[in-house]
Structure formats: structure tokens, C-alpha cells
file run-v9.cif (mmCIF, C-alpha atoms and all ligand atoms)
data_input
#
loop_
_atom_site.group_PDB
_atom_site.id
_atom_site.type_symbol
_atom_site.label_atom_id
_atom_site.label_comp_id
_atom_site.auth_asym_id
_atom_site.auth_seq_id
_atom_site.Cartn_x
_atom_site.Cartn_y
_atom_site.Cartn_z
ATOM 1 C CA MET A 3 0.000 0.000 0.000
ATOM 2 C CA ILE A 4 1.401 3.403 -1.010
ATOM 3 C CA ILE A 5 0.186 6.715 0.391
ATOM 4 C CA ASP A 6 -0.731 8.839 -2.616
ATOM 5 C CA LYS A 7 -1.845 12.023 -0.898
ATOM 6 C CA ILE A 8 -2.939 13.293 2.523
ATOM 7 C CA LEU A 9 -6.630 14.115 2.213
ATOM 8 C CA LEU A 10 -7.206 15.537 5.703
ATOM 9 C CA THR A 11 -4.474 16.589 8.129
ATOM 10 C CA GLU A 12 -4.933 16.421 11.907
ATOM 11 C CA ASN A 13 -5.587 20.175 11.944
ATOM 12 C CA GLU A 14 -8.206 19.910 9.205
ATOM 13 C CA ILE A 15 -9.949 17.061 11.031
ATOM 14 C CA ASN A 16 -9.953 19.163 14.195
ATOM 15 C CA SER A 17 -11.533 22.133 12.357
ATOM 16 C CA ILE A 18 -14.192 19.882 10.816
ATOM 17 C CA CYS A 19 -15.066 18.415 14.241
ATOM 18 C CA THR A 20 -15.277 21.910 15.740
ATOM 19 C CA SER A 21 -17.598 23.251 13.073
ATOM 20 C CA LEU A 22 -19.823 20.140 12.973
ATOM 21 C CA GLY A 23 -19.941 20.158 16.787
ATOM 22 C CA GLU A 24 -21.053 23.804 16.874
ATOM 23 C CA LYS A 25 -23.780 23.200 14.290
ATOM 24 C CA ILE A 26 -25.053 20.075 16.089
ATOM 25 C CA THR A 27 -24.976 21.886 19.450
ATOM 26 C CA SER A 28 -27.126 24.652 18.018
ATOM 27 C CA ASP A 29 -29.541 22.308 16.179
ATOM 28 C CA TYR A 30 -30.149 19.962 19.132
ATOM 29 C CA GLN A 31 -30.765 22.485 21.932
ATOM 30 C CA GLY A 32 -33.193 20.968 24.467
ATOM 31 C CA SER A 33 -33.081 17.539 22.751
ATOM 32 C CA ASP A 34 -32.570 14.094 24.217
ATOM 33 C CA LEU A 35 -29.622 13.398 21.923
ATOM 34 C CA VAL A 36 -28.143 9.928 21.406
ATOM 35 C CA LEU A 37 -25.084 9.538 19.185
ATOM 36 C CA VAL A 38 -25.032 6.099 17.552
ATOM 37 C CA GLY A 39 -21.530 5.298 16.322
ATOM 38 C CA LEU A 40 -21.074 2.578 13.700
ATOM 39 C CA LEU A 41 -17.955 0.663 14.712
ATOM 40 C CA LYS A 42 -15.222 0.109 14.012
ATOM 41 C CA GLY A 43 -14.590 3.008 11.648
ATOM 42 C CA CYS A 44 -16.383 5.711 13.654
ATOM 43 C CA ASN A 45 -14.143 5.359 16.702
ATOM 44 C CA PRO A 46 -11.762 8.370 16.454
ATOM 45 C CA PHE A 47 -14.385 10.600 14.834
ATOM 46 C CA ILE A 48 -17.147 10.007 17.381
ATOM 47 C CA SER A 49 -14.703 10.614 20.240
ATOM 48 C CA ASP A 50 -13.461 13.920 18.815
ATOM 49 C CA LEU A 51 -16.884 15.068 17.608
ATOM 50 C CA ALA A 52 -18.633 14.322 20.920
ATOM 51 C CA LYS A 53 -16.113 16.535 22.748
ATOM 52 C CA LYS A 54 -17.142 19.439 20.503
ATOM 53 C CA ILE A 55 -20.880 19.037 21.161
ATOM 54 C CA ASP A 56 -21.848 21.083 24.199
ATOM 55 C CA LEU A 57 -24.952 19.084 25.180
ATOM 56 C CA PRO A 58 -25.727 16.299 27.715
ATOM 57 C CA LEU A 59 -25.725 13.588 25.054
ATOM 58 C CA GLU A 60 -25.406 9.818 25.314
ATOM 59 C CA ILE A 61 -23.161 7.612 23.174
ATOM 60 C CA GLU A 62 -24.201 4.183 21.875
ATOM 61 C CA TYR A 63 -22.557 1.866 19.367
ATOM 62 C CA MET A 64 -23.494 -0.658 16.712
ATOM 63 C CA VAL A 65 -21.191 -2.910 14.723
ATOM 64 C CA ALA A 66 -22.325 -3.036 11.098
ATOM 65 C CA SER A 67 -19.732 -4.463 8.771
ATOM 66 C CA SER A 68 -19.661 -5.259 5.063
ATOM 67 C CA TYR A 69 -16.209 -4.811 3.570
ATOM 68 C CA LYS A 70 -14.596 -7.983 4.908
ATOM 69 C CA GLY A 71 -11.074 -6.953 3.979
ATOM 70 C CA ASN A 72 -11.823 -5.854 0.425
ATOM 71 C CA THR A 73 -11.541 -2.355 -0.992
ATOM 72 C CA PHE A 74 -15.140 -2.517 -2.209
ATOM 73 C CA SER A 75 -18.441 -3.224 -0.508
ATOM 74 C CA SER A 76 -19.546 -6.870 -0.457
ATOM 75 C CA GLY A 77 -23.125 -5.639 -0.236
ATOM 76 C CA ASN A 78 -23.976 -7.913 2.691
ATOM 77 C CA VAL A 79 -24.273 -5.808 5.807
ATOM 78 C CA GLU A 80 -24.106 -7.741 9.055
ATOM 79 C CA ILE A 81 -25.207 -6.298 12.425
ATOM 80 C CA ARG A 82 -22.836 -7.866 14.944
ATOM 81 C CA LEU A 83 -23.471 -5.611 17.956
ATOM 82 C CA ASP A 84 -26.647 -3.737 18.827
ATOM 83 C CA LEU A 85 -27.552 -0.745 21.022
ATOM 84 C CA SER A 86 -27.610 -1.218 24.789
ATOM 85 C CA LYS A 87 -30.837 0.752 25.370
ATOM 86 C CA SER A 88 -34.060 2.028 23.832
ATOM 87 C CA ILE A 89 -34.059 4.974 21.410
ATOM 88 C CA GLU A 90 -37.849 5.355 21.418
ATOM 89 C CA ASN A 91 -38.858 9.029 21.281
ATOM 90 C CA ARG A 92 -35.216 10.146 21.403
ATOM 91 C CA ASP A 93 -33.193 12.230 18.926
ATOM 92 C CA VAL A 94 -30.773 9.854 17.260
ATOM 93 C CA LEU A 95 -27.740 10.972 15.288
ATOM 94 C CA ILE A 96 -25.867 8.182 13.474
ATOM 95 C CA VAL A 97 -22.113 8.837 13.362
ATOM 96 C CA GLU A 98 -20.174 7.429 10.389
ATOM 97 C CA ASP A 99 -16.579 7.771 9.250
ATOM 98 C CA ILE A 100 -17.530 7.381 5.573
ATOM 99 C CA VAL A 101 -20.639 6.857 3.455
ATOM 100 C CA ASP A 102 -19.933 5.180 0.127
ATOM 101 C CA THR A 103 -22.520 2.871 -1.537
ATOM 102 C CA GLY A 104 -25.085 3.766 1.152
ATOM 103 C CA LYS A 105 -25.774 0.068 1.828
ATOM 104 C CA THR A 106 -24.665 0.126 5.471
ATOM 105 C CA LEU A 107 -26.820 3.130 6.316
ATOM 106 C CA ASP A 108 -29.777 1.755 4.375
ATOM 107 C CA VAL A 109 -29.799 -1.313 6.639
ATOM 108 C CA VAL A 110 -29.045 0.572 9.855
ATOM 109 C CA LYS A 111 -31.608 3.318 9.212
ATOM 110 C CA LYS A 112 -34.389 0.761 8.598
ATOM 111 C CA ILE A 113 -33.552 -1.034 11.850
ATOM 112 C CA LEU A 114 -33.470 2.193 13.876
ATOM 113 C CA ILE A 115 -36.604 3.753 12.332
ATOM 114 C CA ASN A 116 -38.547 0.640 13.394
ATOM 115 C CA ARG A 117 -37.672 1.528 17.010
ATOM 116 C CA ASN A 118 -39.596 4.827 16.766
ATOM 117 C CA PRO A 119 -36.983 7.486 17.507
ATOM 118 C CA LYS A 120 -38.242 11.096 17.671
ATOM 119 C CA SER A 121 -35.745 11.959 14.911
ATOM 120 C CA LEU A 122 -33.044 10.131 12.975
ATOM 121 C CA LYS A 123 -30.194 11.979 11.256
ATOM 122 C CA ILE A 124 -26.719 11.196 9.958
ATOM 123 C CA VAL A 125 -23.341 12.842 10.445
ATOM 124 C CA THR A 126 -20.363 11.581 8.461
ATOM 125 C CA LEU A 127 -16.764 12.722 8.311
ATOM 126 C CA LEU A 128 -16.445 11.743 4.641
ATOM 127 C CA ASP A 129 -19.146 11.498 1.969
ATOM 128 C CA LYS A 130 -18.165 9.626 -1.216
ATOM 129 C CA VAL A 131 -21.269 10.779 -3.101
ATOM 130 C CA GLU A 132 -20.222 9.215 -6.443
ATOM 131 C CA GLY A 133 -20.091 5.777 -4.808
ATOM 132 C CA ARG A 134 -23.829 5.620 -4.053
ATOM 133 C CA LEU A 135 -25.753 2.539 -5.154
ATOM 134 C CA ILE A 136 -28.659 3.289 -2.805
ATOM 135 C CA PRO A 137 -29.895 6.866 -2.258
ATOM 136 C CA CYS A 138 -28.699 8.202 1.092
ATOM 137 C CA GLU A 139 -28.651 11.838 2.189
ATOM 138 C CA CYS A 140 -26.362 12.821 5.043
ATOM 139 C CA ASP A 141 -27.507 15.687 7.262
ATOM 140 C CA TYR A 142 -24.020 16.757 8.370
ATOM 141 C CA VAL A 143 -20.943 16.166 6.187
ATOM 142 C CA GLY A 144 -17.332 16.882 7.128
ATOM 143 C CA ARG A 145 -15.916 16.618 3.606
ATOM 144 C CA LYS A 146 -17.214 15.343 0.263
ATOM 145 C CA ILE A 147 -14.635 13.150 -1.482
ATOM 146 C CA GLU A 148 -14.127 11.669 -4.915
ATOM 147 C CA LYS A 149 -13.922 7.946 -5.697
ATOM 148 C CA ALA A 150 -10.646 6.944 -4.077
ATOM 149 C CA PHE A 151 -9.586 4.445 -1.425
ATOM 150 C CA VAL A 152 -8.875 6.173 1.860
ATOM 151 C CA VAL A 153 -7.325 4.993 5.123
ATOM 152 C CA GLY A 154 -6.592 6.487 8.532
ATOM 153 C CA TYR A 155 -8.531 8.118 11.374
ATOM 154 C CA GLY A 156 -10.709 5.018 11.751
ATOM 155 C CA LEU A 157 -10.700 3.941 8.091
ATOM 156 C CA ASP A 158 -8.932 0.656 7.387
ATOM 157 C CA TYR A 159 -7.346 -1.539 4.783
ATOM 158 C CA ASN A 160 -7.506 -5.169 5.945
ATOM 159 C CA ASP A 161 -8.288 -3.812 9.438
ATOM 160 C CA LYS A 162 -4.998 -1.891 9.606
ATOM 161 C CA TYR A 163 -4.120 1.835 9.412
ATOM 162 C CA ARG A 164 -7.135 2.901 11.503
ATOM 163 C CA ASN A 165 -4.670 4.475 13.931
ATOM 164 C CA LEU A 166 -3.205 6.994 11.471
ATOM 165 C CA PRO A 167 -3.993 10.484 12.842
ATOM 166 C CA TYR A 168 -4.774 11.773 9.331
ATOM 167 C CA VAL A 169 -6.846 10.546 6.343
ATOM 168 C CA ALA A 170 -4.839 9.524 3.280
ATOM 169 C CA ILE A 171 -5.689 8.467 -0.267
ATOM 170 C CA VAL A 172 -3.795 5.260 -1.029
ATOM 171 C CA LYS A 173 -2.855 3.025 -3.932
ATOM 172 C CA ILE A 174 -3.214 -0.656 -3.115
HETATM 173 C C1 LIG B 1 -17.239 1.095 6.361
HETATM 174 C C2 LIG B 1 -17.567 2.452 6.956
HETATM 175 C C3 LIG B 1 -19.060 2.542 6.797
HETATM 176 C C4 LIG B 1 -19.339 1.724 5.541
HETATM 177 C C5 LIG B 1 -19.630 2.647 4.400
HETATM 178 O O1 LIG B 1 -17.475 0.121 7.325
HETATM 179 O O2 LIG B 1 -17.181 2.539 8.304
HETATM 180 O O3 LIG B 1 -19.766 1.982 7.901
HETATM 181 O O4 LIG B 1 -18.146 0.959 5.278
HETATM 182 O O5 LIG B 1 -19.753 1.945 3.194
HETATM 183 P P1 LIG B 1 -21.126 1.782 2.401
HETATM 184 O O6 LIG B 1 -21.767 3.142 2.318
HETATM 185 O O7 LIG B 1 -20.631 1.298 1.045
HETATM 186 O O8 LIG B 1 -21.965 0.784 3.087
HETATM 187 P P2 LIG B 1 -16.983 -1.382 7.188
HETATM 188 O O9 LIG B 1 -18.126 -2.217 6.744
HETATM 189 O O10 LIG B 1 -15.723 -1.445 6.372
HETATM 190 O O11 LIG B 1 -16.650 -1.762 8.689
HETATM 191 P P3 LIG B 1 -15.664 -1.008 9.731
HETATM 192 O O12 LIG B 1 -16.390 0.239 10.194
HETATM 193 O O13 LIG B 1 -15.473 -2.003 10.810
HETATM 194 O O14 LIG B 1 -14.369 -0.669 8.991
#
call {"tool": "encode", "arguments": {"input": "run-v9.cif", "output": "C-alpha cells"}}
result
Amino acid sequence: MIIDKILLTENEINSICTSLGEKITSDYQGSDLVLVGLLKGCNPFISDLAKKIDLPLEIEYMVASSYKGNTFSSGNVEIRLDLSKSIENRDVLIVEDIVDTGKTLDVVKKILINRNPKSLKIVTLLDKVEGRLIPCECDYVGRKIEKAFVVGYGLDYNDKYRNLPYVAIVKI
């Protein structure tokens, strides 16, 4: 794997988290906000973003995985870990590192909507709009990106490189 270009530096990621956090803080005043992070990729982003949201929120996680070590989506999304409590009548904000084909969110959104949240929205660090196979609108987007394979800051290749503090475009 060769790093082609740094897409987001640590400073840029920090600025994105600050501005998304301010917007979410303002939009969710007085709400019963639950962040639902989709592991594993969301891990650094949800931690940094939550610190920039000045509200008494709760953090929950789901494991929804489809890539299975490939650089493309297998299309089969498996829920391997579910929420620990009810989201009924609560304001749910799904936290993603990247939205690509939209298949993961299509499955997760259907599951969560069936549990009758008061609202259900999506925040993603990266939005690969050209990759969509299923329509999926994100409510808060850190950065739109072109079709490229990216690693770092939670994003993996064969489960490695999630620990890079920046996001890089790579050649496999
Ligand atoms: C990645 C990423 C998103 C999903 C986006 O997860 O974290 O959840 O793919 O792709 P899609 O829009 O094409 O569905 P992955 O399944 O690789 O699991 P991970 O979070 O454990 O890396």
C-alpha cells in the first residue's frame, strides 16, 4: 500500500469536528440526543466530535460491517453488535466515518426507524457521493470526497491503518 496524498491533516480534522460540533450543538438544543456510532470506523471521529458538542448527550454503538477486507463493498451488511438501550422518542444521530454505496446506512436506518426514535439523522466525516448505489442523504458532512480508497482516522485496509492520525488516499 502506497500513500498517494494526505486528504485531511490532523488540523483539518480538528476544524471539521469543531464546526460540525457547533452546528449540532445549536440544532439539538433541548433535545434528548443519542449519538449512535457505527464501529469500528467511527471510533476516532465520534470521540473527537462528541467533545465538541456542548450538550448532555449519550453515546451508543453498533457494529455493522460489510467490507470484509476488500476495498469494495460486499453488499452484505451484518449487524454484529446492537444498542444497549431504547431509542424510542429520542433524537438519534448516526455517526459514520464514511458513506460510500449507502448500503450500510440503508440497513441501519431501517432497523433504527422501526424503534420509533423522535428523529433520525446522519453525520459523516467523509461522503463519497459518487459511490452511491442506494440513495442516502447525510444531514451533516465533514468533507465530500471523490472515488478513491482512503485509510486512517478510523478507516482501514484489511483492518490496519485505523490508527493513522490523518486521512490519506492510497494506492493498493
Ligand atoms: C465502512 C464504513 C461505513 C461503511 C460505508 O465500514 O465505516 O460503515 O463501510 O460503506 P457503504 O456506504 O458502502 O456501506 P466497514 O463495513 O468497512 O466496517 P468497519 O467500520 O469495521 O471498517
call {"tool": "axis_aligned_box", "arguments": {"input": "run-v9.cif", "around": "region 19-32 of chain A", "padding_each_side": "3 Å", "output": "JSON"}}
result
{"center_x": -24.1, "center_y": 21.5, "center_z": 18.7, "size_x": 24.1, "size_y": 12.2, "size_z": 17.5}
call {"tool": "closest_residue", "arguments": {"input": "run-v9.cif", "among": "A:Pro119, A:Gly144, A:Pro167, A:Gly133", "to": "Ser17 (chain A)", "atoms": "all atoms listed in the file"}}
result
A:Gly144
call {"tool": "residues_near_ligand", "arguments": {"input": "run-v9.cif", "ligand": "ligand LIG 1 (chain B)", "cutoff": "9 Å", "atoms": "all atoms listed in the file", "output": "ChimeraX atom specification"}}
result
/A:40-45,65-80,98-109,129-130,133-136,138,156-161,164
call {"tool": "write_last_selection", "arguments": {"input": "run-v9.cif", "atoms": "C-alpha atoms", "output": "PDB file, keeping the file's coordinate frame"}}
result
ATOM      1  CA  LEU A  40     -21.074   2.578  13.700  1.00  0.00           C
ATOM      2  CA  LEU A  41     -17.955   0.663  14.712  1.00  0.00           C
ATOM      3  CA  LYS A  42     -15.222   0.109  14.012  1.00  0.00           C
ATOM      4  CA  GLY A  43     -14.590   3.008  11.648  1.00  0.00           C
ATOM      5  CA  CYS A  44     -16.383   5.711  13.654  1.00  0.00           C
ATOM      6  CA  ASN A  45     -14.143   5.359  16.702  1.00  0.00           C
ATOM      7  CA  VAL A  65     -21.191  -2.910  14.723  1.00  0.00           C
ATOM      8  CA  ALA A  66     -22.325  -3.036  11.098  1.00  0.00           C
ATOM      9  CA  SER A  67     -19.732  -4.463   8.771  1.00  0.00           C
ATOM     10  CA  SER A  68     -19.661  -5.259   5.063  1.00  0.00           C
ATOM     11  CA  TYR A  69     -16.209  -4.811   3.570  1.00  0.00           C
ATOM     12  CA  LYS A  70     -14.596  -7.983   4.908  1.00  0.00           C
ATOM     13  CA  GLY A  71     -11.074  -6.953   3.979  1.00  0.00           C
ATOM     14  CA  ASN A  72     -11.823  -5.854   0.425  1.00  0.00           C
ATOM     15  CA  THR A  73     -11.541  -2.355  -0.992  1.00  0.00           C
ATOM     16  CA  PHE A  74     -15.140  -2.517  -2.209  1.00  0.00           C
ATOM     17  CA  SER A  75     -18.441  -3.224  -0.508  1.00  0.00           C
ATOM     18  CA  SER A  76     -19.546  -6.870  -0.457  1.00  0.00           C
ATOM     19  CA  GLY A  77     -23.125  -5.639  -0.236  1.00  0.00           C
ATOM     20  CA  ASN A  78     -23.976  -7.913   2.691  1.00  0.00           C
ATOM     21  CA  VAL A  79     -24.273  -5.808   5.807  1.00  0.00           C
ATOM     22  CA  GLU A  80     -24.106  -7.741   9.055  1.00  0.00           C
ATOM     23  CA  GLU A  98     -20.174   7.429  10.389  1.00  0.00           C
ATOM     24  CA  ASP A  99     -16.579   7.771   9.250  1.00  0.00           C
ATOM     25  CA  ILE A 100     -17.530   7.381   5.573  1.00  0.00           C
ATOM     26  CA  VAL A 101     -20.639   6.857   3.455  1.00  0.00           C
ATOM     27  CA  ASP A 102     -19.933   5.180   0.127  1.00  0.00           C
ATOM     28  CA  THR A 103     -22.520   2.871  -1.537  1.00  0.00           C
ATOM     29  CA  GLY A 104     -25.085   3.766   1.152  1.00  0.00           C
ATOM     30  CA  LYS A 105     -25.774   0.068   1.828  1.00  0.00           C
ATOM     31  CA  THR A 106     -24.665   0.126   5.471  1.00  0.00           C
ATOM     32  CA  LEU A 107     -26.820   3.130   6.316  1.00  0.00           C
ATOM     33  CA  ASP A 108     -29.777   1.755   4.375  1.00  0.00           C
ATOM     34  CA  VAL A 109     -29.799  -1.313   6.639  1.00  0.00           C
ATOM     35  CA  ASP A 129     -19.146  11.498   1.969  1.00  0.00           C
ATOM     36  CA  LYS A 130     -18.165   9.626  -1.216  1.00  0.00           C
ATOM     37  CA  GLY A 133     -20.091   5.777  -4.808  1.00  0.00           C
ATOM     38  CA  ARG A 134     -23.829   5.620  -4.053  1.00  0.00           C
ATOM     39  CA  LEU A 135     -25.753   2.539  -5.154  1.00  0.00           C
ATOM     40  CA  ILE A 136     -28.659   3.289  -2.805  1.00  0.00           C
ATOM     41  CA  CYS A 138     -28.699   8.202   1.092  1.00  0.00           C
ATOM     42  CA  GLY A 156     -10.709   5.018  11.751  1.00  0.00           C
ATOM     43  CA  LEU A 157     -10.700   3.941   8.091  1.00  0.00           C
ATOM     44  CA  ASP A 158      -8.932   0.656   7.387  1.00  0.00           C
ATOM     45  CA  TYR A 159      -7.346  -1.539   4.783  1.00  0.00           C
ATOM     46  CA  ASN A 160      -7.506  -5.169   5.945  1.00  0.00           C
ATOM     47  CA  ASP A 161      -8.288  -3.812   9.438  1.00  0.00           C
ATOM     48  CA  ARG A 164      -7.135   2.901  11.503  1.00  0.00           C
TER      49      ARG A 164
END
call {"tool": "closest_residue", "arguments": {"input": "run-v9.cif", "among": "A:Pro137, A:Phe151, A:Ile124, A:Pro46", "to": "Leu95 (chain A)", "atoms": "all atoms listed in the file"}}
result
A:Ile124
call {"tool": "resolve_selection", "arguments": {"input": "run-v9.cif", "expression": "the PyMOL selection byres (((chain A and resi 121) around 12) and not hetatm)", "output": "MDAnalysis selection string"}}
result
chainID A and resid 30 33:37 89:96 111 114:120 122:124 141
call {"tool": "residues_around", "arguments": {"input": "run-v9.cif", "residues": "Gly32 (chain A)", "least_positions_apart": "3", "cutoff": "10 Å", "atoms": "only C-alpha atoms", "output": "PDB file with C-alpha atoms, in the coordinates of the input"}}
result
ATOM      1  CA  THR A  27     -24.976  21.886  19.450  1.00  0.00           C
ATOM      2  CA  SER A  28     -27.126  24.652  18.018  1.00  0.00           C
ATOM      3  CA  ASP A  29     -29.541  22.308  16.179  1.00  0.00           C
ATOM      4  CA  LEU A  35     -29.622  13.398  21.923  1.00  0.00           C
ATOM      5  CA  LEU A  57     -24.952  19.084  25.180  1.00  0.00           C
ATOM      6  CA  PRO A  58     -25.727  16.299  27.715  1.00  0.00           C
TER       7      PRO A  58
END
call {"tool": "residues_around", "arguments": {"input": "run-v9.cif", "residues": "Leu10 (chain A)", "least_positions_apart": "5", "cutoff": "12 Å", "atoms": "all atoms listed in the file", "output": "PyMOL selection string"}}
result
chain A and resi 15-19+127-128+144-147+152-155+166-171
call {"tool": "resolve_selection", "arguments": {"input": "run-v9.cif", "expression": "the PyMOL selection byres (((chain A and resi 7) around 8) and not hetatm)", "output": "ChimeraX atom specification"}}
result
/A:5-6,8-9,170-172
call {"tool": "closest_residue", "arguments": {"input": "run-v9.cif", "among": "A:Leu59, A:Ile113, A:Val143, A:Leu51", "to": "Asp84 (chain A)", "atoms": "all atoms listed in the file"}}
result
A:Ile113
call {"tool": "resolve_selection", "arguments": {"input": "run-v9.cif", "expression": "the PyMOL selection byres (((chain A and resi 55) around 8) and not hetatm)", "output": "PyMOL selection string"}}
result
chain A and resi 23-24+26-27+51-54+56-57
call {"tool": "closest_residue", "arguments": {"input": "run-v9.cif", "among": "A:Met3, A:Val110, A:Ile174, A:Cys140", "to": "Ile81 (chain A)", "atoms": "only C-alpha atoms"}}
result
A:Val110
call {"tool": "atom_distance", "arguments": {"input": "run-v9.cif", "atom1": "CA of Leu85 (chain A)", "atom2": "CA of Asp50 (chain A)"}}
result
20.5 Å
